[in-house]
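Asker: As input, take structure35.cif (mmCIF, C-alpha atoms and all ligand atoms):
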data_protein
#
loop_
_atom_site.label_atom_id
_atom_site.label_comp_id
_atom_site.auth_asym_id
_atom_site.auth_seq_id
_atom_site.Cartn_x
_atom_site.Cartn_y
_atom_site.Cartn_z
CA MET A 23 159.48 101.63 44.64
CA ASN A 24 161.79 104.42 45.85
CA GLU A 25 162.10 105.79 49.40
CA ARG A 26 160.32 109.00 48.38
CA ARG A 27 157.06 107.17 47.57
CA PHE A 28 154.22 107.97 49.98
CA SER A 29 153.30 105.05 52.21
CA PRO A 30 149.59 104.11 52.44
CA SER A 31 150.17 103.72 56.19
CA GLN A 32 150.37 107.54 56.29
CA ALA A 33 147.09 108.07 54.40
CA HIS A 34 145.37 109.57 57.46
CA LYS A 35 147.70 112.59 57.17
CA LEU A 36 146.16 113.48 53.81
CA ASP A 37 142.74 113.85 55.42
CA ALA A 38 143.90 115.59 58.61
CA PRO A 39 141.61 118.60 59.22
CA GLU A 40 144.57 121.00 59.62
CA ARG A 41 145.73 120.16 56.07
CA ARG A 42 142.74 122.10 54.78
CA THR A 43 144.13 125.25 56.39
CA TRP A 44 147.64 125.01 54.89
CA LEU A 45 146.60 123.48 51.56
CA PRO A 46 143.27 125.15 50.76
CA VAL A 47 141.37 123.15 48.15
CA ALA A 48 139.37 126.19 47.02
CA ASP A 49 142.57 128.07 46.13
CA VAL A 50 143.78 125.14 44.03
CA LEU A 51 140.42 124.77 42.26
CA SER A 52 140.47 128.46 41.44
CA ILE A 53 143.96 128.17 39.91
CA LEU A 54 142.91 125.08 37.93
CA ASP A 55 140.10 127.21 36.40
CA LEU A 56 137.83 124.19 35.93
CA HIS A 57 134.84 124.29 33.63
CA SER A 58 131.66 122.29 33.61
CA GLY A 59 132.16 119.26 31.39
CA TYR A 60 135.94 119.08 31.88
CA ILE A 61 137.54 115.64 31.86
CA ALA A 62 140.37 115.56 34.41
CA ALA A 63 142.91 112.99 35.54
CA ASP A 64 144.13 113.35 39.12
CA VAL A 65 147.28 111.24 38.97
CA GLY A 66 148.49 110.05 42.37
CA ALA A 67 145.07 110.94 43.73
CA GLY A 68 145.72 109.48 47.19
CA THR A 69 142.59 109.67 49.35
CA GLY A 70 140.80 111.98 46.90
CA TYR A 71 141.60 115.22 48.72
CA PHE A 72 141.48 117.00 45.35
CA ALA A 73 139.74 114.40 43.15
CA LEU A 74 136.36 114.63 44.90
CA PRO A 75 136.16 118.46 44.86
CA ILE A 76 137.31 118.45 41.22
CA ALA A 77 134.52 115.97 40.38
CA LYS A 78 131.99 118.34 41.96
CA ALA A 79 133.47 121.34 40.14
CA VAL A 80 133.29 119.78 36.65
CA GLY A 81 129.64 118.82 37.16
CA GLU A 82 127.74 115.81 35.96
CA THR A 83 128.80 116.35 32.33
CA GLY A 84 132.44 116.23 33.43
CA ARG A 85 134.49 113.32 34.69
CA VAL A 86 137.46 112.66 36.94
CA PHE A 87 139.83 109.73 36.69
CA ALA A 88 141.49 109.23 40.06
CA VAL A 89 144.66 107.29 39.25
CA ASP A 90 146.88 105.79 41.93
CA ALA A 91 149.39 102.96 42.08
CA GLU A 92 148.22 101.91 45.55
CA PRO A 93 144.94 99.94 45.76
CA GLU A 94 144.68 100.94 49.43
CA MET A 95 144.47 104.60 48.47
CA LEU A 96 141.85 103.93 45.82
CA ALA A 97 139.82 101.97 48.39
CA ARG A 98 139.74 105.09 50.56
CA ILE A 99 138.34 107.11 47.65
CA HIS A 100 135.74 104.43 46.97
CA SER A 101 134.60 104.50 50.57
CA LYS A 102 133.99 108.27 50.33
CA LEU A 103 132.08 108.14 47.06
CA ALA A 104 128.83 106.62 48.27
CA ALA A 105 128.36 109.20 51.03
CA SER A 106 129.30 112.09 48.72
CA GLY A 107 126.77 111.29 46.01
CA ILE A 108 129.50 111.83 43.41
CA GLU A 109 128.96 109.64 40.33
CA ASN A 110 131.40 111.15 37.85
CA LEU A 111 134.61 109.90 39.44
CA GLU A 112 136.30 106.69 38.37
CA CYS A 113 139.13 105.06 40.30
CA ILE A 114 141.91 103.66 38.15
CA ALA A 115 144.78 101.49 39.40
CA GLY A 116 147.79 102.68 37.46
CA GLU A 117 151.24 104.19 37.47
CA ALA A 118 151.84 107.82 36.60
CA SER A 119 153.89 106.54 33.66
CA ALA A 120 151.18 104.03 32.62
CA THR A 121 147.76 105.30 33.69
CA GLU A 122 145.65 102.83 31.68
CA LEU A 123 143.65 105.81 30.33
CA SER A 124 142.82 106.22 26.63
CA ASP A 125 144.75 108.46 24.29
CA ALA A 126 143.68 112.13 24.26
CA CYS A 127 140.90 111.70 26.82
CA CYS A 128 141.66 114.54 29.29
CA ASP A 129 141.35 118.31 29.30
CA LEU A 130 143.46 118.45 32.45
CA VAL A 131 146.12 116.25 34.00
CA PHE A 132 146.80 117.16 37.63
CA LEU A 133 149.56 115.82 39.88
CA ALA A 134 149.53 116.96 43.51
CA ASN A 135 152.45 116.10 45.76
CA VAL A 136 153.47 113.32 43.40
CA TRP A 137 156.11 114.81 41.08
CA HIS A 138 158.85 114.56 43.71
CA GLU A 139 157.96 110.86 44.19
CA VAL A 140 158.22 109.69 40.58
CA ASP A 141 161.25 107.75 39.36
CA ASP A 142 161.16 108.53 35.68
CA SER A 143 159.79 112.01 35.06
CA SER A 144 160.35 111.70 31.28
CA ALA A 145 158.07 108.65 31.18
CA VAL A 146 155.44 110.54 33.20
CA LEU A 147 155.65 113.52 30.84
CA ALA A 148 155.21 111.18 27.87
CA GLU A 149 152.15 109.61 29.51
CA MET A 150 150.69 113.04 30.28
CA HIS A 151 151.14 113.98 26.63
CA ARG A 152 149.46 110.72 25.50
CA ILE A 153 146.32 111.12 27.65
CA LEU A 154 145.93 114.88 27.19
CA LYS A 155 143.71 116.40 24.50
CA ASP A 156 145.27 119.08 22.32
CA PRO A 157 144.85 121.73 23.54
CA GLY A 158 145.03 120.54 27.11
CA LYS A 159 146.33 121.66 30.47
CA VAL A 160 148.70 120.18 33.02
CA ALA A 161 149.04 121.30 36.63
CA ILE A 162 151.77 120.15 38.98
CA LEU A 163 151.46 121.00 42.67
CA ASP A 164 154.35 120.16 44.94
CA TRP A 165 156.32 121.16 48.01
CA ARG A 166 158.34 124.38 48.19
CA THR A 167 162.04 123.87 48.74
CA ASP A 168 162.49 127.11 50.66
CA VAL A 169 160.18 126.26 53.58
CA GLU A 170 161.29 123.91 56.31
CA GLN A 171 159.31 120.79 57.20
CA PRO A 172 157.12 119.68 58.87
CA PRO A 173 154.78 119.15 57.15
CA GLY A 174 156.02 117.40 54.05
CA PRO A 175 158.92 115.33 52.78
CA PRO A 176 162.54 116.07 53.62
CA ILE A 177 163.94 119.12 51.85
CA GLU A 178 166.34 116.93 49.86
CA HIS A 179 163.40 115.06 48.28
CA ARG A 180 161.74 118.24 47.03
CA ILE A 181 161.97 119.75 43.55
CA THR A 182 161.83 123.48 42.86
CA GLN A 183 159.03 125.06 40.87
CA ASP A 184 161.64 126.29 38.36
CA ASN A 185 162.82 122.72 37.82
CA VAL A 186 159.20 121.59 37.21
CA ALA A 187 158.59 124.50 34.83
CA HIS A 188 161.81 123.70 32.98
CA ALA A 189 160.80 120.03 32.58
CA LEU A 190 157.43 121.09 31.18
CA VAL A 191 158.93 123.60 28.75
CA SER A 192 161.47 120.98 27.60
CA ALA A 193 158.56 118.63 26.90
CA GLY A 194 156.88 121.26 24.71
CA TYR A 195 154.42 122.86 27.15
CA THR A 196 153.86 126.57 27.60
CA VAL A 197 153.98 127.53 31.27
CA ARG A 198 151.01 129.80 32.06
CA SER A 199 151.50 130.42 35.75
CA ILE A 200 153.54 129.55 38.80
CA SER A 201 151.76 130.32 42.08
CA TYR A 202 152.17 129.63 45.76
CA VAL A 203 149.26 127.88 47.49
CA GLY A 204 149.21 128.17 51.27
CA PRO A 205 152.59 128.46 52.99
CA PHE A 206 154.21 125.21 51.78
CA SER A 207 153.18 124.49 48.20
CA TYR A 208 153.53 125.77 44.66
CA ILE A 209 151.55 124.94 41.55
CA VAL A 210 152.81 125.17 37.98
CA VAL A 211 150.13 125.32 35.26
CA ALA A 212 151.02 124.77 31.61
CA ASP A 213 149.22 124.39 28.29
CA SER A 214 149.99 121.72 25.74
CA ALA A 215 149.47 124.16 22.89
CA ASP A 216 148.65 127.80 22.19
C1 LIG B 1 151.63 112.39 48.93
S1 LIG B 1 150.32 111.46 48.26
C2 LIG B 1 149.34 112.78 47.55
C3 LIG B 1 147.90 112.41 47.32
C4 LIG B 1 147.03 113.51 46.74
N1 LIG B 1 147.47 113.92 45.42
C5 LIG B 1 146.99 114.69 47.67
O1 LIG B 1 147.71 115.68 47.46
O2 LIG B 1 146.23 114.63 48.65
C6 LIG B 1 151.06 110.75 46.82
C7 LIG B 1 150.16 109.72 46.15
O3 LIG B 1 150.71 109.41 44.87
C8 LIG B 1 150.75 108.02 44.69
N2 LIG B 1 151.89 107.77 43.82
C9 LIG B 1 153.19 108.03 44.06
N3 LIG B 1 153.94 107.73 42.98
C10 LIG B 1 153.08 107.26 42.04
C11 LIG B 1 153.24 106.77 40.72
N4 LIG B 1 154.45 106.72 40.14
N5 LIG B 1 152.16 106.36 40.05
C12 LIG B 1 150.91 106.41 40.63
N6 LIG B 1 150.70 106.86 41.87
C13 LIG B 1 151.77 107.28 42.58
C14 LIG B 1 150.91 107.43 46.09
O4 LIG B 1 150.41 106.11 46.15
C15 LIG B 1 150.08 108.41 46.91
O5 LIG B 1 148.72 108.02 46.98
#
Let's see the structure in the file written out as structure tokens.
Ligand SMILES: C[S@@+](CC[C@H](N)C(=O)[O-])C[C@H]1O[C@@H](n2cnc3c(N)ncnc32)[C@H](O)[C@@H]1O
Answerer:
Amino acid sequence: MNERRFSPSQAHKLDAPERRTWLPVADVLSILDLHSGYIAADVGAGTGYFALPIAKAVGETGRVFAVDAEPEMLARIHSKLAASGIENLECIAGEASATELSDACCDLVFLANVWHEVDDSSAVLAEMHRILKDPGKVAILDWRTDVEQPPGPPIEHRITQDNVAHALVSAGYTVRSISYVGPFSYIVVADSAD
């Protein structure tokens, strides 16, 4: 594990009420343009900040796979599920480069605040390609490099939106949009095919 990897001991920060003001879930859902029946993988799902709202948005005919390498994070999602009434979310213990999901099972692969933590981005891109349907959509949300912390990781750990877009284009994706969300984050959305 590298020093950029998020520590489960900091999990409470992901559910801090003020986070909802500077990282508005509704804005992200709108950019993701989710449809009823969508199958989505939230890779590096953490405490389910996005995974639970995505599960609601895709409806009971849709499904969300919340993938995380840390069992402690998945346990936090589990503990929220019963109270939420959500039944279309499945927690999966896995690495971003080895999610344990089936081939071509997802309409959307979403990584939020994870890209800057991965060691081998080529392996993650290959895994995204493997689990994504064709056509399919990827969305990578991460920290802006031009805004000082706090919140967020040190500036030197961050990766620009242009760098993310370039990695996606190099892997064969078509970048559809690059947007800012709140004051600290960007999201790059790309399609696997035209
Ligand atoms: C900063 S948290 C973000 C959580 C969530 N996406 C959010 O924005 O609220 C990063 C999460 O990604 C997970 N993670 C980091 N690197 C990973 C990897 N290579 N494979 C799977 N999970 C990873 C961490 O365990 C952590 O739960």
Asker: Is it possible to get the axis-aligned box enclosing ligand LIG 1 (chain B) (all listed atoms, 8 Å extra per side) as JSON, with centre and edge lengths in Å rounded to one decimal?
Answerer:
{"center_x": 150.3, "center_y": 110.9, "center_z": 44.5, "size_x": 24.2, "size_y": 25.6, "size_z": 24.9}
Asker: Counting all atoms listed in the file, figure out which residue out of A:Trp44, A:Asp125, A:Ala79, A:Pro39 gets nearest to A:Pro172.
Answerer: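 When distances to A:Pro172 are compared using all atoms listed in the file, the smallest one comes from A:Trp44.
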Asker: When you count all atoms listed in the file, which of these residues is closest to ligand LIG 1 (chain B): A:Val203, A:Ile181, A:Ala91, A:Ala189?
Answerer: A:Ala91
Asker: Which residues are near stretch 96-98 of chain A? Cut-off 10 Å, all atoms listed in the file, ignore same chain within fewer than 2 positions. Put them as a PDB file with C-alpha atoms, in the frame of the given file.
Answerer:
ATOM      1  CA  ALA A  33     147.090 108.070  54.400  1.00  0.00           C
ATOM      2  CA  HIS A  34     145.370 109.570  57.460  1.00  0.00           C
ATOM      3  CA  GLY A  66     148.490 110.050  42.370  1.00  0.00           C
ATOM      4  CA  ALA A  67     145.070 110.940  43.730  1.00  0.00           C
ATOM      5  CA  GLY A  68     145.720 109.480  47.190  1.00  0.00           C
ATOM      6  CA  THR A  69     142.590 109.670  49.350  1.00  0.00           C
ATOM      7  CA  GLY A  70     140.800 111.980  46.900  1.00  0.00           C
ATOM      8  CA  ALA A  88     141.490 109.230  40.060  1.00  0.00           C
ATOM      9  CA  VAL A  89     144.660 107.290  39.250  1.00  0.00           C
ATOM     10  CA  ASP A  90     146.880 105.790  41.930  1.00  0.00           C
ATOM     11  CA  ALA A  91     149.390 102.960  42.080  1.00  0.00           C
ATOM     12  CA  GLU A  92     148.220 101.910  45.550  1.00  0.00           C
ATOM     13  CA  PRO A  93     144.940  99.940  45.760  1.00  0.00           C
ATOM     14  CA  GLU A  94     144.680 100.940  49.430  1.00  0.00           C
ATOM     15  CA  HIS A 100     135.740 104.430  46.970  1.00  0.00           C
ATOM     16  CA  SER A 101     134.600 104.500  50.570  1.00  0.00           C
ATOM     17  CA  LYS A 102     133.990 108.270  50.330  1.00  0.00           C
ATOM     18  CA  LEU A 103     132.080 108.140  47.060  1.00  0.00           C
ATOM     19  CA  GLU A 112     136.300 106.690  38.370  1.00  0.00           C
ATOM     20  CA  CYS A 113     139.130 105.060  40.300  1.00  0.00           C
ATOM     21  CA  ILE A 114     141.910 103.660  38.150  1.00  0.00           C
ATOM     22  CA  ALA A 115     144.780 101.490  39.400  1.00  0.00           C
TER      23      ALA A 115
END
Asker: For A:His179, which residue out of A:Tyr202, A:Tyr71, A:Trp137, A:Phe132 is the nearest one, using all atoms listed in the file?
Answerer: A:Trp137
Asker: Counting only C-alpha atoms, which of A:Val86, A:Ile108, A:Ala38, A:Met150 gets nearest to A:Gly194?
Answerer: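 Of all the options, A:Met150 lies closest to A:Gly194.
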Asker: Which residues, written as a PyMOL selection string, have at least one atom at most 7 Å from stretch 207-211 of chain A, with only C-alpha atoms counted and residues fewer than 5 positions away on the same chain left out?
Answerer: chain A and resi 160-166+183+187+197-202
Asker: Mind giving me the straight-line distance from atom CA of A:Cys127 to atom CA of A:Ala148 in Å, one decimal?
Answerer: 14.4 Å
Asker: Which of these residues is nearest to A:Leu74, using all atoms listed in the file: A:Ala62, A:Ala48, A:Ile177, A:Leu111?
Answerer: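 Of the candidates, the smallest distance to A:Leu74 is held by A:Leu111.
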Asker: For the contact check between stretch 38-106 of chain A and stretch 152-157 of chain A, emit one row per residue of stretch 38-106 of chain A within 12 Å, containing the shortest atom pair and the distance in Å rounded to one decimal, counting all atoms listed in the file, chain then rising number order, as CSV.
Answerer:
residue,atom,partner,partner_atom,distance
A:Tyr60,CA,A:Lys155,CA,11.0
A:Ile61,CA,A:Leu154,CA,9.6
A:Ala62,CA,A:Leu154,CA,9.1
A:Ala63,CA,A:Ile153,CA,8.8
A:Asp64,CA,A:Ile153,CA,11.9
A:Val65,CA,A:Ile153,CA,11.4
A:Phe87,CA,A:Ile153,CA,11.2
Asker: For A:Glu170, which of A:Pro46, A:Leu147, A:Phe206, A:Leu56 is the closest residue, counting only C-alpha atoms?
Answerer: A:Phe206
Asker: Take atom CA of A:Met95 and atom C7 of ligand LIG 1 (chain B) and report the distance between them in Å, one decimal.
Answerer: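 Between atom CA of A:Met95 and atom C7 of ligand LIG 1 (chain B) the gap is 8.0 Å.
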Asker: In Å, how far is it from atom CA of A:Val186 to atom CA of A:Glu40?
Answerer: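 These atoms are spaced 26.8 Å apart.
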Asker: Identify the residues within 9 Å of coordinate (137.6, 123.2, 28.8) (same frame as the file), considering all atoms listed in the file, and give the answer as JSON, numbers by chain.
Answerer: {"A": [55, 56, 57, 58, 59, 60, 61, 129, 130, 158]}
Asker: Can you sort out stretch 138-162 of chain A so it carries N, CA, C and O atoms, written as a compact mmCIF listing (two decimals), keeping the file's coordinate frame?
Answerer:
# COMPACT_ATOMS: atom_id res chain seq x y z
N HIS A 138 157.58 114.84 43.02
CA HIS A 138 158.85 114.56 43.71
C HIS A 138 159.00 113.07 44.05
O HIS A 138 160.07 112.64 44.47
N GLU A 139 157.91 112.29 43.86
CA GLU A 139 157.96 110.86 44.19
C GLU A 139 158.24 109.99 42.97
O GLU A 139 158.52 108.81 43.13
N VAL A 140 158.10 110.56 41.76
CA VAL A 140 158.22 109.69 40.58
C VAL A 140 159.69 109.39 40.27
O VAL A 140 160.58 110.20 40.52
N ASP A 141 159.90 108.18 39.71
CA ASP A 141 161.25 107.75 39.36
C ASP A 141 161.69 108.29 38.02
O ASP A 141 162.82 108.74 37.86
N ASP A 142 160.78 108.21 37.04
CA ASP A 142 161.16 108.53 35.68
C ASP A 142 160.25 109.65 35.17
O ASP A 142 159.19 109.40 34.59
N SER A 143 160.67 110.89 35.40
CA SER A 143 159.79 112.01 35.06
C SER A 143 159.58 112.11 33.54
O SER A 143 158.52 112.55 33.10
N SER A 144 160.54 111.66 32.74
CA SER A 144 160.35 111.70 31.28
C SER A 144 159.20 110.77 30.87
O SER A 144 158.40 111.11 30.00
N ALA A 145 159.15 109.60 31.50
CA ALA A 145 158.07 108.65 31.18
C ALA A 145 156.72 109.22 31.62
O ALA A 145 155.71 109.02 30.94
N VAL A 146 156.70 109.94 32.74
CA VAL A 146 155.44 110.54 33.20
C VAL A 146 155.02 111.66 32.25
O VAL A 146 153.84 111.77 31.88
N LEU A 147 155.97 112.46 31.80
CA LEU A 147 155.65 113.52 30.84
C LEU A 147 155.10 112.93 29.54
O LEU A 147 154.14 113.45 28.97
N ALA A 148 155.68 111.82 29.10
CA ALA A 148 155.21 111.18 27.87
C ALA A 148 153.78 110.65 28.05
O ALA A 148 152.94 110.77 27.15
N GLU A 149 153.50 110.12 29.23
CA GLU A 149 152.15 109.61 29.51
C GLU A 149 151.14 110.76 29.59
O GLU A 149 150.02 110.66 29.08
N MET A 150 151.56 111.87 30.21
CA MET A 150 150.69 113.04 30.28
C MET A 150 150.34 113.50 28.87
O MET A 150 149.17 113.80 28.56
N HIS A 151 151.34 113.54 28.01
CA HIS A 151 151.14 113.98 26.63
C HIS A 151 150.16 113.02 25.92
O HIS A 151 149.28 113.46 25.18
N ARG A 152 150.31 111.73 26.17
CA ARG A 152 149.46 110.72 25.50
C ARG A 152 147.99 110.87 25.91
O ARG A 152 147.10 110.77 25.06
N ILE A 153 147.72 111.12 27.19
CA ILE A 153 146.32 111.12 27.65
C ILE A 153 145.66 112.49 27.54
O ILE A 153 144.44 112.60 27.70
N LEU A 154 146.47 113.51 27.25
CA LEU A 154 145.93 114.88 27.19
C LEU A 154 145.38 115.18 25.80
O LEU A 154 145.98 114.82 24.79
N LYS A 155 144.22 115.87 25.77
CA LYS A 155 143.71 116.40 24.50
C LYS A 155 144.64 117.53 24.05
O LYS A 155 145.44 118.04 24.83
N ASP A 156 144.49 117.95 22.83
CA ASP A 156 145.27 119.08 22.32
C ASP A 156 144.27 120.10 21.77
O ASP A 156 143.60 119.81 20.78
N PRO A 157 144.09 121.27 22.39
CA PRO A 157 144.85 121.73 23.54
C PRO A 157 144.39 121.07 24.84
O PRO A 157 143.27 120.61 24.96
N GLY A 158 145.33 121.06 25.79
CA GLY A 158 145.03 120.54 27.11
C GLY A 158 145.92 121.24 28.13
O GLY A 158 146.81 122.01 27.77
N LYS A 159 145.64 120.93 29.40
CA LYS A 159 146.33 121.66 30.47
C LYS A 159 146.92 120.68 31.47
O LYS A 159 146.29 119.66 31.78
N VAL A 160 148.12 120.97 31.94
CA VAL A 160 148.70 120.18 33.02
C VAL A 160 148.91 121.10 34.22
O VAL A 160 149.18 122.30 34.06
N ALA A 161 148.78 120.53 35.41
CA ALA A 161 149.04 121.30 36.63
C ALA A 161 149.80 120.41 37.59
O ALA A 161 149.37 119.27 37.86
N ILE A 162 150.93 120.92 38.05
CA ILE A 162 151.77 120.15 38.98
C ILE A 162 151.92 120.95 40.27
O ILE A 162 152.45 122.07 40.26
